[in-house]
Amino acid sequence: MKKAGLTATALGASLAGPKAFAAPPFFKLYLMIPNNQPARMVWGTLAAQQMAKLGIDVVSSFNPFTVIGPRRANADGATHVDGGWDAYLERYYYNSILPVPNTLFHSDLFPPAGQNFYRVNDPEIDKALEQYGSSSDPQMRAEAIRAFEKRWYDTEPMTILFYPEDVIAVNPRLSGFNGTTFNPVFFPDPENWTIEDQDTAAFASWAPPSSLVPMYTSGYNEANIFGPVYNRLFEYDSWQNKELVPALATSAEPSADGKAWTVRIREGVLWHSGEELTANDVKFTWDVIMNPAYGCQYKAAFDQIFGSPNAYKVTGRYEIQVELPAYSILFKDWVLGAMAIMPEHAYKDIPPESFRSHAISTWLGSYEVTKSDGSTYTAYGAIGTGPWMVDGHDPARRSYKYTKNPDYWKETPGNIETFYIVNIQGADSVLSALKAGEIDAHDPMYDIASLADTIDESWGKVQAFDSFKWQHVCYNLSHPVFGTGVDTPLGKQDPSRAAEAAAYIRKAISYAMPRDQIVNEIASGYGHPGTVPIPWSAPEYDHEMLKPIAFDMDLAREFMTKAGYTY
């Protein structure tokens, strides 16, 4: 049986080691804890308490991602006191099932054009990622990802706490909910749901979205909402086998060296407006992502993959040719398999500076789209090729309405005709809504693991899935203490060892984290202790090398001493 969760105070009191450091602190660290997952708020508080025992003055706060996001995207790598950030907690994974740390941790991908918000800047990590991404030889890729894992394990640019399982409660009459919600490659998939004597369904998502344009975000709270509307060129056929299969593309054929690709687009697919999907829509989507005027956070990665927009061209109504400057593992699994395709005819006349505020992003109001035959279509939000059509957003009810797409390009087994996503905050509130019949399922962020034993089978069916993610404390590696190390005692004494000193501090924090107890007593046993940012159950995870990281306060203080601090 899974264990009930504990408060951070109760857990902290049970841990070995002295109380919080009484002498003047070594340095100050501002820790932002997202307020959209109850258990994370507990282990975030615990993490702050454990850091304090090392002599760190931790100032923690609970914040929504609407506060954290702009701070972490600071292009200058500013610290918290200067409008940026020091550290925060996060649950994360890449945008494809295949692990692609290239998209997050290469030094070329700093914001605003990239997603390396953490500012990882390690030549050894860069080298491993470049080898991993550019090799078509599976053995060389395996060696490269192992080199990445080893370097990460040795230096710990972030503190990976644990690999969680997703625990979700659903309407017991619901069938077809067979996988976690996984952004952006799996969604609630209500087109696969069947509920006896019910053709309307609702899904709860914790936080309101910041944007519903796919190229701007892949967070749960956004992907849950825009996901049912759009498609990608390749999609995963199921959560169980996680294999890419053709979707809007019928094939993607590479040359022998993997640099030249012919992508063939599925004929007869209709946008919700009734216009037909063509290769021009694919080109338009890639052009928009690569155009700096749109401010897309995937631009830097696209630049690495394509080099320039000249790398691809439309060679037929349903064909696009690609000439990559070098082989890239990211092209099929990430570009083809994770990027939603947007409609040129509907979005091309929207100025770049208006993309985030337009109805395609807010789903508020309506707009007219002129089609190729001169007729018009009235849209109430995004236009996609997906199984669900947008029927608007009701801010007062915090709900998003969809109707089933009658012209969807593939058969779907479910019986739901009308679907809602509602923003509900709090695990207790979401379970109350499920019990009352107001929703039929919810996303993983409610983290109901500790409440699973309170759910009666008459109104809730508990399901658990490997989330394929990790929970971690992430650091701004531009910070002069635990990032660059220039302001540590060792870094000041010997600037050539500053980075080494910063790594010692991160190691100290890592050894101060009681991962087993976090998993067993806060996460209620749903998960595994963490080491590196590769899913614990992924084939790429090296279980032989990546031994569990001990909880050892004495060793933690030894590493602080190595950085030059004196107790």
# chains A, B, ... in the order shown; residues from 1 in each chain; ligands from 1

call {"tool": "closest_atom_pairs", "arguments": {"of": "segment 432-484 of chain A", "to": "segment 489-503 of chain A", "cutoff": "6 Å", "atoms": "only C-alpha atoms", "output": "Markdown table"}}
result
| residue | atom | partner | partner_atom | distance |
| --- | --- | --- | --- | --- |
| A:Phe482 | CA | A:Ala502 | CA | 4.3 |
| A:Gly483 | CA | A:Ala502 | CA | 5.6 |
| A:Thr484 | CA | A:Ala499 | CA | 5.2 |

call {"tool": "residues_around", "arguments": {"residues": "Ser135 of chain A", "least_positions_apart": "5", "cutoff": "12 Å", "atoms": "only C-alpha atoms", "output": "PyMOL selection string"}}
result
chain A and resi 128-130+140-145+257-259+326-330

call {"tool": "write_last_selection", "arguments": {"atoms": "C-alpha atoms", "output": "tab-separated table (two decimals), in the first residue's frame"}}
result
chain	number	residue	atom	x	y	z
A	128	ALA	CA	28.43	14.88	-25.69
A	129	LEU	CA	25.20	16.46	-26.91
A	130	GLU	CA	26.70	17.33	-30.28
A	140	MET	CA	28.02	6.15	-31.04
A	141	ARG	CA	24.76	7.72	-29.84
A	142	ALA	CA	24.71	5.33	-26.88
A	143	GLU	CA	28.27	6.27	-25.97
A	144	ALA	CA	27.49	9.98	-26.29
A	145	ILE	CA	24.38	9.87	-24.10
A	257	ASP	CA	23.72	9.94	-44.80
A	258	GLY	CA	20.55	11.14	-43.06
A	259	LYS	CA	20.92	14.74	-44.23
A	326	ALA	CA	24.47	17.72	-40.90
A	327	TYR	CA	22.61	14.67	-39.68
A	328	SER	CA	20.50	15.50	-36.61
A	329	ILE	CA	18.67	13.07	-34.37
A	330	LEU	CA	16.34	15.95	-33.55

call {"tool": "residues_around", "arguments": {"residues": "segment 420-431 of chain A", "least_positions_apart": "3", "cutoff": "9 Å", "atoms": "only C-alpha atoms", "output": "number ranges by chain"}}
result
A: 36-38, 169, 200-208, 221, 224-225, 397-403, 434-436, 439, 442, 445-448, 451, 455, 460

call {"tool": "closest_residue", "arguments": {"among": "A:Phe468, A:Asn63, A:His272, A:Lys410", "to": "Gly381 of chain A", "atoms": "only C-alpha atoms"}}
result
A:His272

call {"tool": "residues_around", "arguments": {"residues": "segment 176-193 of chain A", "least_positions_apart": "4", "cutoff": "6 Å", "atoms": "only C-alpha atoms", "output": "list in words"}}
result
Ser218, Tyr220, Ala223, Asn224, Gly227, Trp239, Thr412, Pro413 and Gly414 of chain A

call {"tool": "write_last_selection", "arguments": {"atoms": "C-alpha atoms", "output": "PDB file, in the first residue's frame"}}
result
ATOM      1  CA  SER A 218       4.650  23.006 -24.026  1.00  0.00           C
ATOM      2  CA  TYR A 220       0.813  20.985 -19.136  1.00  0.00           C
ATOM      3  CA  ALA A 223      -0.597  21.586 -24.044  1.00  0.00           C
ATOM      4  CA  ASN A 224      -3.670  20.040 -22.403  1.00  0.00           C
ATOM      5  CA  GLY A 227      -3.222  19.600 -27.924  1.00  0.00           C
ATOM      6  CA  TRP A 239       1.763   5.416 -24.416  1.00  0.00           C
ATOM      7  CA  THR A 412     -11.502   7.538 -33.462  1.00  0.00           C
ATOM      8  CA  PRO A 413     -13.215   5.062 -31.128  1.00  0.00           C
ATOM      9  CA  GLY A 414     -14.846   7.328 -28.548  1.00  0.00           C
TER      10      GLY A 414
END

call {"tool": "closest_atom_pairs", "arguments": {"of": "segment 283-328 of chain A", "to": "segment 108-125 of chain A", "cutoff": "7 Å", "atoms": "only C-alpha atoms", "output": "Markdown table"}}
result
| residue | atom | partner | partner_atom | distance |
| --- | --- | --- | --- | --- |
| A:Gly295 | CA | A:Ala113 | CA | 6.7 |
| A:Cys296 | CA | A:Ala113 | CA | 6.2 |
| A:Gln297 | CA | A:Ala113 | CA | 4.6 |
| A:Tyr298 | CA | A:Gly114 | CA | 5.6 |
| A:Lys299 | CA | A:Ala113 | CA | 5.2 |
| A:Ala300 | CA | A:Gly114 | CA | 5.0 |
| A:Ala301 | CA | A:Gly114 | CA | 6.6 |

call {"tool": "write_last_selection", "arguments": {"atoms": "all heavy atoms", "output": "short mmCIF file (atom, residue, chain, number, x, y, z; two decimals), in the first residue's frame"}}
result
data_model
loop_
_atom_site.label_atom_id
_atom_site.label_comp_id
_atom_site.auth_asym_id
_atom_site.auth_seq_id
_atom_site.Cartn_x
_atom_site.Cartn_y
_atom_site.Cartn_z
N GLY A 295 9.57 35.57 -31.78
CA GLY A 295 10.05 35.31 -30.43
C GLY A 295 9.79 33.90 -29.95
O GLY A 295 9.45 33.69 -28.78
N CYS A 296 9.99 32.91 -30.81
CA CYS A 296 9.73 31.51 -30.43
C CYS A 296 10.94 30.94 -29.69
O CYS A 296 12.07 31.08 -30.13
CB CYS A 296 9.44 30.67 -31.67
SG CYS A 296 9.21 28.92 -31.31
N GLN A 297 10.67 30.26 -28.58
CA GLN A 297 11.76 29.71 -27.77
C GLN A 297 12.41 28.48 -28.41
O GLN A 297 13.42 27.98 -27.91
CB GLN A 297 11.25 29.34 -26.38
CG GLN A 297 10.17 28.26 -26.38
CD GLN A 297 9.57 28.06 -25.00
OE1 GLN A 297 9.75 28.87 -24.10
NE2 GLN A 297 8.85 26.97 -24.83
N TYR A 298 11.86 27.99 -29.52
CA TYR A 298 12.48 26.86 -30.22
C TYR A 298 13.41 27.32 -31.34
O TYR A 298 14.03 26.50 -32.02
CB TYR A 298 11.41 25.95 -30.83
CG TYR A 298 10.42 25.40 -29.83
CD1 TYR A 298 9.05 25.42 -30.09
CD2 TYR A 298 10.84 24.88 -28.62
CE1 TYR A 298 8.14 24.92 -29.18
CE2 TYR A 298 9.94 24.39 -27.70
CZ TYR A 298 8.58 24.40 -27.98
OH TYR A 298 7.69 23.90 -27.09
N LYS A 299 13.51 28.63 -31.56
CA LYS A 299 14.28 29.13 -32.70
C LYS A 299 15.73 28.67 -32.68
O LYS A 299 16.26 28.22 -33.70
CB LYS A 299 14.23 30.66 -32.74
CG LYS A 299 15.02 31.24 -33.92
CD LYS A 299 15.10 32.75 -33.88
CE LYS A 299 15.84 33.28 -35.09
NZ LYS A 299 17.22 32.78 -35.21
N ALA A 300 16.39 28.76 -31.54
CA ALA A 300 17.82 28.41 -31.48
C ALA A 300 18.03 26.95 -31.85
O ALA A 300 18.99 26.61 -32.56
CB ALA A 300 18.38 28.70 -30.10
N ALA A 301 17.15 26.07 -31.38
CA ALA A 301 17.27 24.65 -31.73
C ALA A 301 17.01 24.43 -33.21
O ALA A 301 17.68 23.63 -33.87
CB ALA A 301 16.31 23.82 -30.89
#

call {"tool": "residues_around", "arguments": {"residues": "Gly55 of chain A", "least_positions_apart": "6", "cutoff": "12 Å", "atoms": "only C-alpha atoms", "output": "PDB file with N, CA, C and O atoms, in the first residue's frame"}}
result
ATOM      1  N   PRO A  18      21.971  18.433  12.494  1.00  0.00           N
ATOM      2  CA  PRO A  18      21.634  19.530  13.402  1.00  0.00           C
ATOM      3  C   PRO A  18      20.558  20.419  12.818  1.00  0.00           C
ATOM      4  O   PRO A  18      20.232  20.342  11.645  1.00  0.00           O
ATOM      5  N   LYS A  19      20.013  21.273  13.663  1.00  0.00           N
ATOM      6  CA  LYS A  19      19.015  22.218  13.197  1.00  0.00           C
ATOM      7  C   LYS A  19      19.676  23.261  12.299  1.00  0.00           C
ATOM      8  O   LYS A  19      20.873  23.261  12.102  1.00  0.00           O
ATOM      9  N   ALA A  20      18.861  24.148  11.745  1.00  0.00           N
ATOM     10  CA  ALA A  20      19.361  25.138  10.788  1.00  0.00           C
ATOM     11  C   ALA A  20      20.600  25.865  11.340  1.00  0.00           C
ATOM     12  O   ALA A  20      20.705  26.146  12.530  1.00  0.00           O
ATOM     13  N   PHE A  21      21.489  26.181  10.442  1.00  0.00           N
ATOM     14  CA  PHE A  21      22.781  26.784  10.769  1.00  0.00           C
ATOM     15  C   PHE A  21      22.578  28.091  11.532  1.00  0.00           C
ATOM     16  O   PHE A  21      21.821  28.954  11.112  1.00  0.00           O
ATOM     17  N   ALA A  22      23.231  28.228  12.687  1.00  0.00           N
ATOM     18  CA  ALA A  22      23.004  29.391  13.538  1.00  0.00           C
ATOM     19  C   ALA A  22      23.974  30.527  13.265  1.00  0.00           C
ATOM     20  O   ALA A  22      23.677  31.676  13.551  1.00  0.00           O
ATOM     21  N   ALA A  23      25.179  30.223  12.735  1.00  0.00           N
ATOM     22  CA  ALA A  23      26.172  31.261  12.446  1.00  0.00           C
ATOM     23  C   ALA A  23      25.722  32.088  11.245  1.00  0.00           C
ATOM     24  O   ALA A  23      24.761  31.741  10.568  1.00  0.00           O
ATOM     25  N   PRO A  24      26.397  33.217  10.991  1.00  0.00           N
ATOM     26  CA  PRO A  24      26.043  33.999   9.798  1.00  0.00           C
ATOM     27  C   PRO A  24      26.077  33.125   8.546  1.00  0.00           C
ATOM     28  O   PRO A  24      27.002  32.324   8.368  1.00  0.00           O
ATOM     29  N   PRO A  25      25.075  33.245   7.685  1.00  0.00           N
ATOM     30  CA  PRO A  25      25.009  32.370   6.507  1.00  0.00           C
ATOM     31  C   PRO A  25      26.140  32.661   5.523  1.00  0.00           C
ATOM     32  O   PRO A  25      26.687  33.761   5.478  1.00  0.00           O
ATOM     33  N   PHE A  26      26.473  31.649   4.731  1.00  0.00           N
ATOM     34  CA  PHE A  26      27.537  31.790   3.740  1.00  0.00           C
ATOM     35  C   PHE A  26      27.105  32.667   2.568  1.00  0.00           C
ATOM     36  O   PHE A  26      27.876  33.461   2.053  1.00  0.00           O
ATOM     37  N   PHE A  27      25.859  32.488   2.108  1.00  0.00           N
ATOM     38  CA  PHE A  27      25.317  33.291   1.006  1.00  0.00           C
ATOM     39  C   PHE A  27      23.803  33.145   0.998  1.00  0.00           C
ATOM     40  O   PHE A  27      23.251  32.286   1.687  1.00  0.00           O
ATOM     41  N   LYS A  28      23.155  33.990   0.245  1.00  0.00           N
ATOM     42  CA  LYS A  28      21.693  33.972   0.164  1.00  0.00           C
ATOM     43  C   LYS A  28      21.254  33.349  -1.149  1.00  0.00           C
ATOM     44  O   LYS A  28      21.876  33.558  -2.203  1.00  0.00           O
ATOM     45  N   LEU A  29      20.173  32.573  -1.095  1.00  0.00           N
ATOM     46  CA  LEU A  29      19.593  31.933  -2.270  1.00  0.00           C
ATOM     47  C   LEU A  29      18.085  32.111  -2.228  1.00  0.00           C
ATOM     48  O   LEU A  29      17.443  31.766  -1.223  1.00  0.00           O
ATOM     49  N   ALA A  48      14.344  23.630   0.979  1.00  0.00           N
ATOM     50  CA  ALA A  48      14.841  24.886   1.556  1.00  0.00           C
ATOM     51  C   ALA A  48      15.388  24.657   2.957  1.00  0.00           C
ATOM     52  O   ALA A  48      16.437  25.204   3.334  1.00  0.00           O
ATOM     53  N   GLN A  49      14.700  23.850   3.751  1.00  0.00           N
ATOM     54  CA  GLN A  49      15.163  23.559   5.110  1.00  0.00           C
ATOM     55  C   GLN A  49      16.518  22.848   5.087  1.00  0.00           C
ATOM     56  O   GLN A  49      17.404  23.148   5.892  1.00  0.00           O
ATOM     57  N   ILE A 505      29.282  23.106  -4.378  1.00  0.00           N
ATOM     58  CA  ILE A 505      28.093  23.578  -3.671  1.00  0.00           C
ATOM     59  C   ILE A 505      26.862  22.800  -4.134  1.00  0.00           C
ATOM     60  O   ILE A 505      26.026  22.367  -3.318  1.00  0.00           O
ATOM     61  N   ALA A 508      26.917  19.472  -2.617  1.00  0.00           N
ATOM     62  CA  ALA A 508      26.531  19.545  -1.209  1.00  0.00           C
ATOM     63  C   ALA A 508      25.012  19.560  -1.070  1.00  0.00           C
ATOM     64  O   ALA A 508      24.435  18.831  -0.248  1.00  0.00           O
ATOM     65  N   ILE A 509      24.364  20.385  -1.869  1.00  0.00           N
ATOM     66  CA  ILE A 509      22.902  20.456  -1.817  1.00  0.00           C
ATOM     67  C   ILE A 509      22.299  19.104  -2.184  1.00  0.00           C
ATOM     68  O   ILE A 509      21.332  18.643  -1.566  1.00  0.00           O
ATOM     69  N   ALA A 512      22.378  16.685   0.551  1.00  0.00           N
ATOM     70  CA  ALA A 512      21.490  17.099   1.648  1.00  0.00           C
ATOM     71  C   ALA A 512      20.021  16.759   1.375  1.00  0.00           C
ATOM     72  O   ALA A 512      19.180  16.970   2.259  1.00  0.00           O
ATOM     73  N   MET A 553      24.498  14.219   5.307  1.00  0.00           N
ATOM     74  CA  MET A 553      24.753  15.605   5.671  1.00  0.00           C
ATOM     75  C   MET A 553      26.225  15.855   5.964  1.00  0.00           C
ATOM     76  O   MET A 553      26.737  16.950   5.704  1.00  0.00           O
ATOM     77  N   ALA A 556      27.781  16.264   2.676  1.00  0.00           N
ATOM     78  CA  ALA A 556      27.332  17.541   2.122  1.00  0.00           C
ATOM     79  C   ALA A 556      28.188  18.685   2.667  1.00  0.00           C
ATOM     80  O   ALA A 556      28.635  19.565   1.917  1.00  0.00           O
ATOM     81  N   ARG A 557      28.452  18.663   3.980  1.00  0.00           N
ATOM     82  CA  ARG A 557      29.269  19.730   4.567  1.00  0.00           C
ATOM     83  C   ARG A 557      30.724  19.643   4.095  1.00  0.00           C
ATOM     84  O   ARG A 557      31.398  20.663   3.973  1.00  0.00           O
ATOM     85  N   MET A 560      30.795  21.559   0.942  1.00  0.00           N
ATOM     86  CA  MET A 560      30.785  23.001   1.200  1.00  0.00           C
ATOM     87  C   MET A 560      32.175  23.461   1.637  1.00  0.00           C
ATOM     88  O   MET A 560      32.642  24.540   1.236  1.00  0.00           O
ATOM     89  N   THR A 561      32.861  22.636   2.430  1.00  0.00           N
ATOM     90  CA  THR A 561      34.221  22.969   2.871  1.00  0.00           C
ATOM     91  C   THR A 561      35.180  23.005   1.684  1.00  0.00           C
ATOM     92  O   THR A 561      36.068  23.868   1.616  1.00  0.00           O
ATOM     93  N   TYR A 565      34.117  27.166   2.316  1.00  0.00           N
ATOM     94  CA  TYR A 565      33.346  27.631   3.470  1.00  0.00           C
ATOM     95  C   TYR A 565      33.798  26.898   4.730  1.00  0.00           C
ATOM     96  O   TYR A 565      34.145  25.720   4.695  1.00  0.00           O
ATOM     97  N   THR A 566      33.766  27.597   5.851  1.00  0.00           N
ATOM     98  CA  THR A 566      34.251  27.043   7.115  1.00  0.00           C
ATOM     99  C   THR A 566      33.131  27.008   8.135  1.00  0.00           C
ATOM    100  O   THR A 566      32.457  28.020   8.377  1.00  0.00           O
ATOM    101  N   TYR A 567      32.941  25.852   8.728  1.00  0.00           N
ATOM    102  CA  TYR A 567      31.915  25.703   9.769  1.00  0.00           C
ATOM    103  C   TYR A 567      32.528  25.975  11.140  1.00  0.00           C
ATOM    104  O   TYR A 567      33.702  25.700  11.381  1.00  0.00           O
TER     105      TYR A 567
END

call {"tool": "select_by_dssp", "arguments": {"residues": "segment 3-242 of chain A", "states": "strand (DSSP E or B)", "output": "PyMOL selection string"}}
result
chain A and resi 27-34+56-63+87-92+159-170+174-175+182+186+194-195+198+200-205+232+234-236

call {"tool": "residues_around", "arguments": {"residues": "Ala523 of chain A", "least_positions_apart": "5", "cutoff": "8 Å", "atoms": "only C-alpha atoms", "output": "ChimeraX atom specification"}}
result
/A:5,39,164,449-450,518

call {"tool": "residues_around", "arguments": {"residues": "Tyr318 of chain A", "least_positions_apart": "4", "cutoff": "9 Å", "atoms": "only C-alpha atoms", "output": "list in words"}}
result
Ala249, Val263, Arg264, Ile265, Arg266, Glu267, Leu277, Thr278, Ala279, Asn280 and Val314 of chain A

call {"tool": "write_last_selection", "arguments": {"atoms": "N, CA and C atoms", "output": "compact mmCIF listing (two decimals), in the first residue's frame"}}
result
# COMPACT_ATOMS: atom_id res chain seq x y z
N ALA A 249 2.05 13.66 -41.95
CA ALA A 249 2.93 13.15 -43.01
C ALA A 249 2.68 11.66 -43.17
N VAL A 263 9.70 14.62 -47.24
CA VAL A 263 8.53 14.48 -46.36
C VAL A 263 7.28 14.60 -47.21
N ARG A 264 6.46 13.57 -47.18
CA ARG A 264 5.23 13.55 -47.96
C ARG A 264 4.04 13.79 -47.05
N ILE A 265 3.21 14.74 -47.46
CA ILE A 265 2.09 15.18 -46.65
C ILE A 265 0.85 14.36 -47.00
N ARG A 266 0.07 14.03 -46.00
CA ARG A 266 -1.15 13.25 -46.20
C ARG A 266 -2.16 14.07 -47.01
N GLU A 267 -2.68 13.49 -48.05
CA GLU A 267 -3.65 14.18 -48.90
C GLU A 267 -5.05 14.08 -48.30
N LEU A 277 -4.98 20.90 -46.01
CA LEU A 277 -3.59 20.94 -45.58
C LEU A 277 -2.67 20.67 -46.76
N THR A 278 -1.59 21.46 -46.88
CA THR A 278 -0.59 21.24 -47.93
C THR A 278 0.81 21.39 -47.34
N ALA A 279 1.80 21.13 -48.16
CA ALA A 279 3.19 21.30 -47.74
C ALA A 279 3.49 22.76 -47.39
N ASN A 280 2.75 23.69 -47.96
CA ASN A 280 2.97 25.11 -47.64
C ASN A 280 2.72 25.39 -46.16
N VAL A 314 9.33 23.62 -50.62
CA VAL A 314 8.17 22.89 -51.10
C VAL A 314 8.43 22.45 -52.53

call {"tool": "closest_residue", "arguments": {"among": "A:Asp154, A:Ser372, A:Met51, A:Val59", "to": "Ile33 of chain A", "atoms": "only C-alpha atoms"}}
result
A:Val59
